[in-house]
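Written out below as structure tokens is the structure these notes cover.
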Amino acid sequence: MKYDYIIVGSGIAGLYTALLAREQGSVLIITKGSIDDCNTKHAQGGIAAAIGKDDSPELHLKDTLAAGDGLCDIEAVRILVNEAPARIADLVNLGVPFDTTNGEIALTKEAAHSVFRILHAGGDATGEHIEVTLSQRVRASRIQLLEDCPVTDILIEQEAVRGVRALDCHTGSTEEFECRFLVLATGGAGQLYKFTTNSDVATGDGIALAYCAGAEITDMEFFQFHPTVLHLPGVPPFLISEAVRGEGGVLRNAHGRRFMPDYAPEADLAPRDVVARSILYEMIKTGSGHVFIDATQLPRYVITNRFPQIYRFCLEHGLEITKNLIPVAPAAHYIMGGVRTNSWGETNIAGLFAVGETACTGVHGANRLASNSLLEAVVFAQRIVEGTLKETPPETAASSLNDDIHSALSPRRIPKTAPPPSLSSLQALLWDKVGIMRNRKDLTKAADILAAWQKCLPQPKDRPSYELANLVLTARLATEAALTREESRGAHFRSDFSQSSHDWQRHIVLAKQ
Ligand SMILES: Cc1cc2nc3c(=O)[nH]c(=O)nc-3n(C[C@H](O)[C@H](O)[C@H](O)COP(=O)(O)OP(=O)(O)OC[C@H]3O[C@@H](n4cnc5c(N)ncnc54)[C@H](O)[C@@H]3O)c2cc1C
């Protein structure tokens, strides 16, 4: 059978695309774990949309462009902010239970947003409510769902998509599926790093699959590190939402001193990259592995009502956050780069689309504004399905600046002493050499080791080995781009080129040659 739509992934991007596409034809979702294995369900803070009385799409645009630090595609951002209220209305209609105050949708504020514009559900359980609502809708529909089936290859015929190959993790066999439209909604790549907020599924698969199929990959040097991730010995990394600072929490160093006013005029609500770097400086200065968020001055009911998940999680691990400081450190959080698309979610390969965190639509530029990613997923999912209905393909609004740099992975000097690749050695390498602060020497070393690893990877046969191969390739793309960009901008900080340069107001686009 040839499906109209095959959608790879079952986070917000995949599920929402599927729910829209089912109105137009046959739909198959293929996902590599169970339906709710994804980053979406971990999203806490919320989803941004200019629906408040003192807000406007123009203001949302301004904040998004400021965070993106000169690399956003303005047209894509305009689409994002203008279409946001309609997509929120769709989510409400689908049953997402956004929190309300006095009968109106409640809004909160996060770093670098100039007004209250973040909708949330269940306090800090926004992602979970979205994921549960959408997955229930999918299960109740005629959409076909294949779980525990990582997609391992994109099949191309005459320069267009024919379908995919997927591994059935129960039987160990592979199967091919054909379609007219293939939508990659495979999420991010946080598993590149030793410390990450991301779930296990975030292994850059979509980026690696698309690259191997000949798609353009862009902005890979921009990886956002969340500044405040719980840092307790033996406890898995757990995000302490920016909204805690939005509600009045402040950062203190290991000596208990407030430090953010020393680094940025917006103090604790400065953009994420600024806060992450400031925390790193304070950690180095004080010789400590963490700083603290102090939320003890907030009324108890604000913490328990607005942040029930965070409150409960910390309490379960022996920390009463209404009375005690919360130890936090930065961790890898969100990849701004990905499979390059235009504003209709199309890639450079006919029939291949990308949406959600795996895509690079151009809305985030060099740094994502908090709570814009759930929004991006629903706005561009809708446009993908709308675009597939048009008789003639929609006019492509290229998400590019004029003088982008186009290149391929360059051949590397292969070191003889590279240790054998493993997930933990890859994550340690990326954290140490392609992390919050980079420089040429470290990046070159990482690029050489990664090239050596890629050469000696055995033929993948199961999910972990496919994921490792995808991570190594994704790491190579991120390292190559970071090495090429000789400036600091947004989330990409080079200690050997610490200023941004007008000459670098362009994208690095990598594609197989
Ligand atoms: C802790 C945390 C908090 C966050 N908070 C917020 C927030 O408050 N607001 C906000 O806007 N954003 C937030 N984000 C970011 C946001 O959650 C993600 O960017 C967004 O959920 C990505 O959605 P997605 O559908 O693209 O990917 P995901 O939700 O990660 O889904 C990807 C899907 O693809 C599947 N998949 C991957 N590879 C394959 C393969 N090879 N074959 C088959 N299936 C595959 C996965 O199993 C998964 O189902 C947060 C992220 C984290 C980790």
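Chain labels run A, B, ... following the order of the structure tokens; each chain numbers its residues from 1, and ligands are numbered from 1 in the order shown.
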
Residues of stretch 236-384 of chain A in strand (DSSP E or B), written as a PyMOL selection string: chain A and resi 239+250-252+258+291-294+326-335+338-340+346+350+352-354+359-360

Can you tell me which residues come within 6 Å of ligand 1 when counting only C-alpha atoms and all ligand atoms, ideally as a ChimeraX atom specification? /A:8-14,30-33,35,37-40,42-47,149-152,185-188,197-198,201,205,239,333,356-358,371-374

A:Leu19 surroundings by only C-alpha atoms, 12 Å radius, close-in-sequence under 2 positions cut, as a PyMOL selection string: chain A and resi 5+7+10+12-17+21-29+90-91+94+133-144+378+381-382+385

Give me, as a ChimeraX atom specification, the residues of stretch 148-239 of chain A that a backbone DSSP run labels helix (DSSP H, G or I). /A:190-192,205-213

Could you please take those selected residues and save all heavy atoms as an mmCIF file, in the first residue's frame?
```cif
data_model
loop_
_atom_site.group_PDB
_atom_site.id
_atom_site.type_symbol
_atom_site.label_atom_id
_atom_site.label_comp_id
_atom_site.auth_asym_id
_atom_site.auth_seq_id
_atom_site.Cartn_x
_atom_site.Cartn_y
_atom_site.Cartn_z
ATOM 1 N N GLY A 190 19.515 16.273 21.778
ATOM 2 C CA GLY A 190 20.148 16.545 23.082
ATOM 3 C C GLY A 190 21.052 15.424 23.552
ATOM 4 O O GLY A 190 21.975 15.655 24.343
ATOM 5 N N GLN A 191 20.819 14.194 23.021
ATOM 6 C CA GLN A 191 21.665 13.068 23.455
ATOM 7 C C GLN A 191 23.093 13.180 22.930
ATOM 8 O O GLN A 191 23.932 12.329 23.225
ATOM 9 C CB GLN A 191 21.030 11.732 23.048
ATOM 10 C CG GLN A 191 19.785 11.376 23.855
ATOM 11 C CD GLN A 191 20.047 11.305 25.364
ATOM 12 O OE1 GLN A 191 21.113 10.875 25.796
ATOM 13 N NE2 GLN A 191 19.085 11.748 26.151
ATOM 14 N N LEU A 192 23.377 14.234 22.184
ATOM 15 C CA LEU A 192 24.766 14.497 21.806
ATOM 16 C C LEU A 192 25.607 14.813 23.038
ATOM 17 O O LEU A 192 26.836 14.663 23.009
ATOM 18 C CB LEU A 192 24.843 15.720 20.884
ATOM 19 C CG LEU A 192 24.402 15.568 19.429
ATOM 20 C CD1 LEU A 192 24.361 16.936 18.763
ATOM 21 C CD2 LEU A 192 25.350 14.632 18.682
ATOM 22 N N ASP A 205 18.106 11.728 14.712
ATOM 23 C CA ASP A 205 17.866 10.797 13.600
ATOM 24 C C ASP A 205 17.407 11.503 12.323
ATOM 25 O O ASP A 205 17.884 11.192 11.226
ATOM 26 C CB ASP A 205 16.795 9.753 13.970
ATOM 27 C CG ASP A 205 17.240 8.829 15.089
ATOM 28 O OD1 ASP A 205 18.277 9.100 15.708
ATOM 29 O OD2 ASP A 205 16.527 7.846 15.353
ATOM 30 N N GLY A 206 16.458 12.428 12.480
ATOM 31 C CA GLY A 206 15.895 13.085 11.286
ATOM 32 C C GLY A 206 16.965 13.841 10.518
ATOM 33 O O GLY A 206 16.991 13.826 9.281
ATOM 34 N N ILE A 207 17.848 14.494 11.264
ATOM 35 C CA ILE A 207 18.913 15.279 10.630
ATOM 36 C C ILE A 207 19.845 14.337 9.867
ATOM 37 O O ILE A 207 20.191 14.573 8.702
ATOM 38 C CB ILE A 207 19.675 16.085 11.703
ATOM 39 C CG1 ILE A 207 18.736 17.134 12.329
ATOM 40 C CG2 ILE A 207 20.925 16.740 11.112
ATOM 41 C CD1 ILE A 207 19.282 17.822 13.562
ATOM 42 N N ALA A 208 20.226 13.237 10.521
ATOM 43 C CA ALA A 208 21.139 12.281 9.885
ATOM 44 C C ALA A 208 20.482 11.612 8.672
ATOM 45 O O ALA A 208 21.099 11.496 7.599
ATOM 46 C CB ALA A 208 21.581 11.237 10.902
ATOM 47 N N LEU A 209 19.216 11.212 8.828
ATOM 48 C CA LEU A 209 18.517 10.550 7.704
ATOM 49 C C LEU A 209 18.414 11.495 6.519
ATOM 50 O O LEU A 209 18.639 11.108 5.364
ATOM 51 C CB LEU A 209 17.089 10.160 8.129
ATOM 52 C CG LEU A 209 16.932 9.028 9.145
ATOM 53 C CD1 LEU A 209 15.493 8.935 9.637
ATOM 54 C CD2 LEU A 209 17.358 7.709 8.518
ATOM 55 N N ALA A 210 18.049 12.746 6.811
ATOM 56 C CA ALA A 210 17.861 13.718 5.730
ATOM 57 C C ALA A 210 19.187 14.021 5.043
ATOM 58 O O ALA A 210 19.259 14.111 3.810
ATOM 59 C CB ALA A 210 17.237 14.996 6.294
ATOM 60 N N TYR A 211 20.247 14.159 5.832
ATOM 61 C CA TYR A 211 21.566 14.439 5.243
ATOM 62 C C TYR A 211 21.960 13.309 4.296
ATOM 63 O O TYR A 211 22.396 13.539 3.162
ATOM 64 C CB TYR A 211 22.604 14.618 6.347
ATOM 65 C CG TYR A 211 23.987 14.923 5.822
ATOM 66 C CD1 TYR A 211 24.337 16.227 5.466
ATOM 67 C CD2 TYR A 211 24.937 13.916 5.670
ATOM 68 C CE1 TYR A 211 25.600 16.510 4.969
ATOM 69 C CE2 TYR A 211 26.202 14.194 5.170
ATOM 70 C CZ TYR A 211 26.533 15.495 4.821
ATOM 71 O OH TYR A 211 27.790 15.777 4.319
ATOM 72 N N CYS A 212 21.764 12.071 4.765
ATOM 73 C CA CYS A 212 22.151 10.912 3.929
ATOM 74 C C CYS A 212 21.311 10.864 2.651
ATOM 75 O O CYS A 212 21.773 10.366 1.620
ATOM 76 C CB CYS A 212 21.985 9.607 4.706
ATOM 77 S SG CYS A 212 23.176 9.469 6.035
ATOM 78 N N ALA A 213 20.090 11.374 2.725
ATOM 79 C CA ALA A 213 19.227 11.352 1.537
ATOM 80 C C ALA A 213 19.531 12.515 0.590
ATOM 81 O O ALA A 213 18.951 12.603 -0.493
ATOM 82 C CB ALA A 213 17.758 11.405 1.967
#
```

What are the closest atom pairs, with distances in Å to one decimal, for each residue of stretch 118-226 of chain A lying within 7 Å of stretch 477-492 of chain A, using only C-alpha atoms, rows by chain and rising residue number, as a tab-separated table?
```
residue	atom	partner	partner_atom	distance
A:Met220	CA	A:Ala478	CA	4.6
A:Glu221	CA	A:Ala482	CA	4.6
A:Phe222	CA	A:His492	CA	5.4
A:Phe223	CA	A:Ala491	CA	6.1
A:Gln224	CA	A:Ala491	CA	5.6
```

Could you write out that same residue set with C-alpha atoms as an mmCIF file, in the first residue's frame?
```cif
data_model
loop_
_atom_site.group_PDB
_atom_site.id
_atom_site.type_symbol
_atom_site.label_atom_id
_atom_site.label_comp_id
_atom_site.auth_asym_id
_atom_site.auth_seq_id
_atom_site.Cartn_x
_atom_site.Cartn_y
_atom_site.Cartn_z
ATOM 1 C CA MET A 220 23.965 23.255 13.177
ATOM 2 C CA GLU A 221 26.383 25.348 15.243
ATOM 3 C CA PHE A 222 23.507 26.736 17.281
ATOM 4 C CA PHE A 223 22.620 24.525 20.231
ATOM 5 C CA GLN A 224 20.795 26.058 23.131
#
```

Students should find that atom CA of A:Val164 and atom CA of A:Glu178 are spaced 6.6 Å

Within 9 Å of A:Phe238, counting only C-alpha atoms, which residues show up once you throw out same-chain ones fewer than 6 positions away? Write them as a list in words, please. Thr196, Thr197, Thr228, Val229, Leu230, His231, Ile310 and Phe313 of chain A

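Within 6 Å of stretch 445-454 of chain A there are Arg412, Arg413, Ile414, Ala418, Pro421, Asp442 and Leu457 of chain A, counting only C-alpha atoms and ignoring same-chain residues fewer than 3 positions away.
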
Output file for the residues above (N, CA and C atoms, as a CSV table (one decimal), in the first residue's frame):
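Saved to result-v9.csv:
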```
chain,number,residue,atom,x,y,z
A,412,ARG,N,38.9,14.7,7.1
A,412,ARG,CA,39.7,15.1,8.3
A,412,ARG,C,40.9,14.2,8.4
A,413,ARG,N,41.9,14.8,9.2
A,413,ARG,CA,43.0,14.0,9.5
A,413,ARG,C,42.6,13.0,10.6
A,414,ILE,N,42.7,11.7,10.3
A,414,ILE,CA,42.1,10.7,11.2
A,414,ILE,C,43.2,10.4,12.3
A,418,ALA,N,42.3,7.5,18.4
A,418,ALA,CA,40.9,7.8,18.8
A,418,ALA,C,40.3,6.6,19.5
A,421,PRO,N,34.2,4.4,19.5
A,421,PRO,CA,33.0,5.2,19.8
A,421,PRO,C,32.1,4.5,20.7
A,442,ASP,N,39.9,22.9,20.3
A,442,ASP,CA,39.0,21.8,20.7
A,442,ASP,C,38.1,21.3,19.6
A,457,LEU,N,32.6,2.8,12.6
A,457,LEU,CA,31.3,2.3,13.1
A,457,LEU,C,30.9,1.0,12.4
```
